[in-house]
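Data file: query.pdb. Format and content: PDB, C-alpha atoms.
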```pdb
ATOM      1  CA  MET A  14     -10.637 -21.387 -21.667
ATOM      2  CA  ARG A  15     -10.103 -23.716 -18.757
ATOM      3  CA  LEU A  16      -7.787 -23.014 -15.850
ATOM      4  CA  VAL A  17      -6.113 -25.522 -13.620
ATOM      5  CA  VAL A  18      -4.227 -24.505 -10.501
ATOM      6  CA  ASP A  19      -1.822 -26.916  -8.848
ATOM      7  CA  LEU A  20      -2.886 -26.183  -5.282
ATOM      8  CA  ASN A  21       0.021 -28.244  -3.945
ATOM      9  CA  ARG A  22       2.421 -25.908  -5.724
ATOM     10  CA  CYS A  23       0.522 -22.664  -4.962
ATOM     11  CA  GLN A  24       2.128 -20.703  -2.123
ATOM     12  CA  GLY A  25      -0.575 -18.042  -1.765
ATOM     13  CA  TYR A  26       1.425 -15.115  -3.148
ATOM     14  CA  ALA A  27      -1.887 -13.887  -4.657
ATOM     15  CA  GLN A  28      -0.407 -12.191  -7.707
ATOM     16  CA  CYS A  29      -3.198 -13.814  -9.741
ATOM     17  CA  VAL A  30      -5.803 -12.299  -7.411
ATOM     18  CA  PHE A  31      -4.479  -8.796  -8.015
ATOM     19  CA  LEU A  32      -4.329  -9.259 -11.788
ATOM     20  CA  ALA A  33      -7.602 -11.153 -12.366
ATOM     21  CA  PRO A  34      -9.879 -10.615  -9.349
ATOM     22  CA  GLU A  35     -12.962 -11.800 -11.249
ATOM     23  CA  VAL A  36     -11.327 -15.212 -11.715
ATOM     24  CA  PHE A  37      -9.143 -15.694  -8.612
ATOM     25  CA  ALA A  38      -9.789 -14.952  -4.930
ATOM     26  CA  LEU A  39      -8.225 -15.744  -1.596
ATOM     27  CA  HIS A  40     -10.328 -17.525   0.986
ATOM     28  CA  GLY A  41      -8.791 -16.710   4.328
ATOM     29  CA  ASP A  42      -5.107 -15.878   4.303
ATOM     30  CA  GLU A  43      -3.785 -18.468   1.861
ATOM     31  CA  ALA A  44      -6.484 -20.699   0.323
ATOM     32  CA  LEU A  45      -6.928 -19.882  -3.359
ATOM     33  CA  ARG A  46     -10.368 -20.095  -4.963
ATOM     34  CA  TYR A  47     -10.788 -19.763  -8.705
ATOM     35  CA  THR A  48     -13.253 -20.120 -11.538
ATOM     36  CA  PRO A  49     -12.041 -23.071 -13.630
ATOM     37  CA  TYR A  50     -13.780 -21.902 -16.819
ATOM     38  CA  ALA A  51     -12.948 -18.272 -17.449
ATOM     39  CA  ASP A  52     -14.756 -16.233 -20.065
ATOM     40  CA  ASP A  53     -12.720 -15.343 -23.158
ATOM     41  CA  SER A  54     -13.211 -11.654 -22.370
ATOM     42  CA  ARG A  55     -10.842 -12.208 -19.427
ATOM     43  CA  ARG A  56      -8.104 -13.773 -21.590
ATOM     44  CA  GLU A  57      -5.631 -10.899 -21.188
ATOM     45  CA  GLN A  58      -6.113 -10.694 -17.413
ATOM     46  CA  VAL A  59      -5.750 -14.465 -17.062
ATOM     47  CA  ALA A  60      -2.613 -14.523 -19.217
ATOM     48  CA  ARG A  61      -1.054 -11.863 -16.996
ATOM     49  CA  ALA A  62      -2.045 -13.792 -13.879
ATOM     50  CA  VAL A  63      -0.515 -16.990 -15.256
ATOM     51  CA  ALA A  64       2.678 -15.106 -16.125
ATOM     52  CA  ALA A  65       2.888 -13.463 -12.709
ATOM     53  CA  CYS A  66       2.650 -16.656 -10.660
ATOM     54  CA  PRO A  67       6.081 -16.945  -8.996
ATOM     55  CA  VAL A  68       5.784 -20.734  -8.595
ATOM     56  CA  GLN A  69       4.111 -21.414 -11.979
ATOM     57  CA  ALA A  70       1.092 -23.098 -10.379
ATOM     58  CA  ILE A  71      -1.498 -21.915 -12.939
ATOM     59  CA  PHE A  72      -2.057 -23.767 -16.199
ATOM     60  CA  LEU A  73      -4.205 -22.635 -19.107
ATOM     61  CA  ASP A  74      -6.026 -25.193 -21.264
ATOM     62  CA  GLU A  75      -7.724 -23.956 -24.410
ATOM     63  CA  VAL A  76     -11.234 -25.384 -24.881
ATOM     64  CA  ASP A  77     -12.923 -25.120 -28.268
ATOM     65  CA  GLU A  78     -16.591 -24.334 -28.935
ATOM     66  CA  THR A  79     -17.579 -28.005 -28.715
ATOM     67  CA  GLY A  80     -16.180 -28.165 -25.190
ATOM     68  CA  GLU A  81     -13.323 -30.431 -26.190
ATOM     69  CA  ALA A  82      -9.945 -29.642 -24.755
ATOM     70  CA  GLY A  83      -7.277 -28.582 -27.147
ATOM     71  CA  GLU A  84      -3.601 -28.199 -26.533
ATOM     72  CA  ALA A  85      -2.696 -27.483 -22.922
ATOM     73  CA  TYR A  86      -0.355 -24.590 -22.303
ATOM     74  CA  ASP A  87       2.016 -24.583 -19.382
ATOM     75  CA  LEU A  88       2.983 -20.953 -19.687
ATOM     76  CA  PRO A  89       6.343 -19.906 -18.328
ATOM     77  CA  PRO A  90       6.407 -17.241 -15.687
ATOM     78  CA  VAL A  91       4.535 -15.297 -17.917
ATOM     79  CA  GLY A  92     -19.209 -17.902 -12.756
ATOM     80  CA  SER A  93     -20.841 -19.921 -10.568
ATOM     81  CA  ASP A  94     -18.440 -22.814  -9.994
ATOM     82  CA  VAL A  95     -15.775 -21.334  -7.744
ATOM     83  CA  ARG A  96     -13.112 -23.501  -6.176
TER
END
```
Please re-express this file's structure in structure tokens.
Amino acid sequence: MRLVVDLNRCQGYAQCVFLAPEVFALHGDEALRYTPYADDSRREQVARAVAACPVQAIFLDEVDETGEAGEAYDLPPVGSDVR
């Protein structure tokens, strides 16, 4: 699954960091870093993090086995490449 965070919308509340620390981290006081391609074993943690975001800045995009993006999910308030 692929994650996209709207960093312009993110306010640094860090609820995602508490719920999925293997995927999200704070750099300094407010800069969010995240792994854009999370392992499927983290699906439940990521779903909780997406749901907990008070400003709905996290979007989940399902990617199939071929690497092609499927339907993007903008969920309601519900690695090596780290950003």
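Of the residues listed (A:Arg15, A:Ala62, A:Asp53, A:Asp74), A:Ala62 shows the shortest atom-to-atom separation from Pro34 (chain A); distances use all atoms listed in the file.
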Just how far from CA of Ala27 (chain A) is CA of Val68 (chain A), in Å to one decimal?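 Between CA of Val68 (chain A) and CA of Ala27 (chain A) the gap works out to 11.0 Å.
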Take the PyMOL selection byres ((chain A and resi 52) around 9), run it mentally on this structure, and tell me the resulting residues as a list in words.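 When the PyMOL selection byres ((chain A and resi 52) around 9) is applied to the shown file, the picked residues are Met14, Arg15, Tyr50, Ala51, Asp53, Ser54, Arg55, Arg56 and Gly92 of chain A.
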I need the residue set behind the PyMOL selection byres ((chain A and resi 19) around 12) for this file; please write it as a list in words.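 Written out, the selection comes to Leu16, Val17, Val18, Leu20, Asn21, Arg22, Cys23, Gln24, Gly25, Leu45, Arg46, Tyr47, Pro49, Val63, Cys66, Val68, Gln69, Ala70, Ile71, Phe72, Leu73 and Asp87 of chain A.
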Residues of the last selection are to be written out with C-alpha atoms, as a short mmCIF file (atom, residue, chain, number, x, y, z; two decimals), in the frame of the given file.
```cif
data_model
loop_
_atom_site.label_atom_id
_atom_site.label_comp_id
_atom_site.auth_asym_id
_atom_site.auth_seq_id
_atom_site.Cartn_x
_atom_site.Cartn_y
_atom_site.Cartn_z
CA LEU A 16 -7.79 -23.01 -15.85
CA VAL A 17 -6.11 -25.52 -13.62
CA VAL A 18 -4.23 -24.50 -10.50
CA LEU A 20 -2.89 -26.18 -5.28
CA ASN A 21 0.02 -28.24 -3.94
CA ARG A 22 2.42 -25.91 -5.72
CA CYS A 23 0.52 -22.66 -4.96
CA GLN A 24 2.13 -20.70 -2.12
CA GLY A 25 -0.57 -18.04 -1.76
CA LEU A 45 -6.93 -19.88 -3.36
CA ARG A 46 -10.37 -20.10 -4.96
CA TYR A 47 -10.79 -19.76 -8.70
CA PRO A 49 -12.04 -23.07 -13.63
CA VAL A 63 -0.52 -16.99 -15.26
CA CYS A 66 2.65 -16.66 -10.66
CA VAL A 68 5.78 -20.73 -8.60
CA GLN A 69 4.11 -21.41 -11.98
CA ALA A 70 1.09 -23.10 -10.38
CA ILE A 71 -1.50 -21.92 -12.94
CA PHE A 72 -2.06 -23.77 -16.20
CA LEU A 73 -4.20 -22.64 -19.11
CA ASP A 87 2.02 -24.58 -19.38
#
```
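The space between CA of Leu32 (chain A) and CA of Gln58 (chain A) spans 6.1 Å.
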Å distance separating CA of Glu75 (chain A) from CA of His40 (chain A), one decimal place: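 Atom-to-atom, CA of Glu75 (chain A) to CA of His40 (chain A), that is 26.3 Å.
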Would you kindly place all heavy atoms on region 65-76 of chain A and return the model as a compact mmCIF listing (two decimals), in the coordinates of the input?
```txt
# COMPACT_ATOMS: atom_id res chain seq x y z
N ALA A 65 2.42 -14.05 -13.96
CA ALA A 65 2.89 -13.46 -12.71
C ALA A 65 3.07 -14.47 -11.58
O ALA A 65 3.68 -14.14 -10.57
CB ALA A 65 1.91 -12.37 -12.26
N CYS A 66 2.55 -15.67 -11.74
CA CYS A 66 2.65 -16.66 -10.66
C CYS A 66 4.11 -17.02 -10.41
O CYS A 66 4.77 -17.61 -11.28
CB CYS A 66 1.85 -17.91 -11.00
SG CYS A 66 1.90 -19.15 -9.68
N PRO A 67 4.66 -16.70 -9.24
CA PRO A 67 6.08 -16.94 -9.00
C PRO A 67 6.45 -18.43 -8.93
O PRO A 67 7.61 -18.77 -9.11
CB PRO A 67 6.36 -16.25 -7.66
CG PRO A 67 5.06 -15.88 -7.09
CD PRO A 67 4.01 -16.01 -8.15
N VAL A 68 5.49 -19.30 -8.68
CA VAL A 68 5.78 -20.73 -8.60
C VAL A 68 5.19 -21.52 -9.76
O VAL A 68 5.19 -22.74 -9.77
CB VAL A 68 5.31 -21.33 -7.24
CG1 VAL A 68 6.09 -20.72 -6.09
CG2 VAL A 68 3.81 -21.14 -7.06
N GLN A 69 4.66 -20.81 -10.76
CA GLN A 69 4.11 -21.41 -11.98
C GLN A 69 3.07 -22.49 -11.65
O GLN A 69 3.11 -23.59 -12.19
CB GLN A 69 5.23 -21.99 -12.84
CG GLN A 69 6.23 -20.96 -13.27
CD GLN A 69 7.39 -21.56 -14.03
OE1 GLN A 69 7.32 -22.70 -14.45
NE2 GLN A 69 8.44 -20.80 -14.20
N ALA A 70 2.12 -22.14 -10.81
CA ALA A 70 1.09 -23.10 -10.38
C ALA A 70 -0.17 -23.04 -11.23
O ALA A 70 -1.05 -23.88 -11.05
CB ALA A 70 0.73 -22.84 -8.92
N ILE A 71 -0.28 -22.09 -12.14
CA ILE A 71 -1.50 -21.92 -12.94
C ILE A 71 -1.25 -22.39 -14.36
O ILE A 71 -0.27 -22.00 -14.99
CB ILE A 71 -1.94 -20.44 -12.96
CG1 ILE A 71 -2.06 -19.88 -11.55
CG2 ILE A 71 -3.27 -20.30 -13.71
CD1 ILE A 71 -2.23 -18.38 -11.50
N PHE A 72 -2.16 -23.23 -14.85
CA PHE A 72 -2.06 -23.77 -16.20
C PHE A 72 -3.30 -23.39 -16.98
O PHE A 72 -4.41 -23.43 -16.46
CB PHE A 72 -1.90 -25.29 -16.15
CG PHE A 72 -0.72 -25.71 -15.32
CD1 PHE A 72 -0.86 -25.96 -13.98
CD2 PHE A 72 0.54 -25.81 -15.91
CE1 PHE A 72 0.23 -26.32 -13.21
CE2 PHE A 72 1.63 -26.18 -15.15
CZ PHE A 72 1.48 -26.43 -13.79
N LEU A 73 -3.12 -23.04 -18.23
CA LEU A 73 -4.20 -22.64 -19.11
C LEU A 73 -4.43 -23.72 -20.15
O LEU A 73 -3.48 -24.16 -20.80
CB LEU A 73 -3.85 -21.31 -19.78
CG LEU A 73 -4.84 -20.72 -20.75
CD1 LEU A 73 -6.14 -20.39 -20.04
CD2 LEU A 73 -4.26 -19.48 -21.39
N ASP A 74 -5.67 -24.16 -20.30
CA ASP A 74 -6.03 -25.19 -21.26
C ASP A 74 -7.09 -24.60 -22.17
O ASP A 74 -8.16 -24.20 -21.72
CB ASP A 74 -6.58 -26.41 -20.53
CG ASP A 74 -6.86 -27.58 -21.44
OD1 ASP A 74 -6.34 -27.60 -22.56
OD2 ASP A 74 -7.61 -28.48 -21.02
N GLU A 75 -6.77 -24.50 -23.45
CA GLU A 75 -7.72 -23.96 -24.41
C GLU A 75 -8.83 -24.97 -24.65
O GLU A 75 -8.57 -26.15 -24.86
CB GLU A 75 -7.03 -23.63 -25.73
CG GLU A 75 -5.99 -22.55 -25.60
CD GLU A 75 -6.55 -21.20 -25.22
OE1 GLU A 75 -7.69 -20.89 -25.59
OE2 GLU A 75 -5.84 -20.46 -24.54
N VAL A 76 -10.08 -24.54 -24.62
CA VAL A 76 -11.23 -25.38 -24.88
C VAL A 76 -11.96 -24.80 -26.08
O VAL A 76 -12.27 -23.62 -26.11
CB VAL A 76 -12.17 -25.44 -23.65
CG1 VAL A 76 -13.39 -26.28 -23.95
CG2 VAL A 76 -11.43 -25.98 -22.44
```
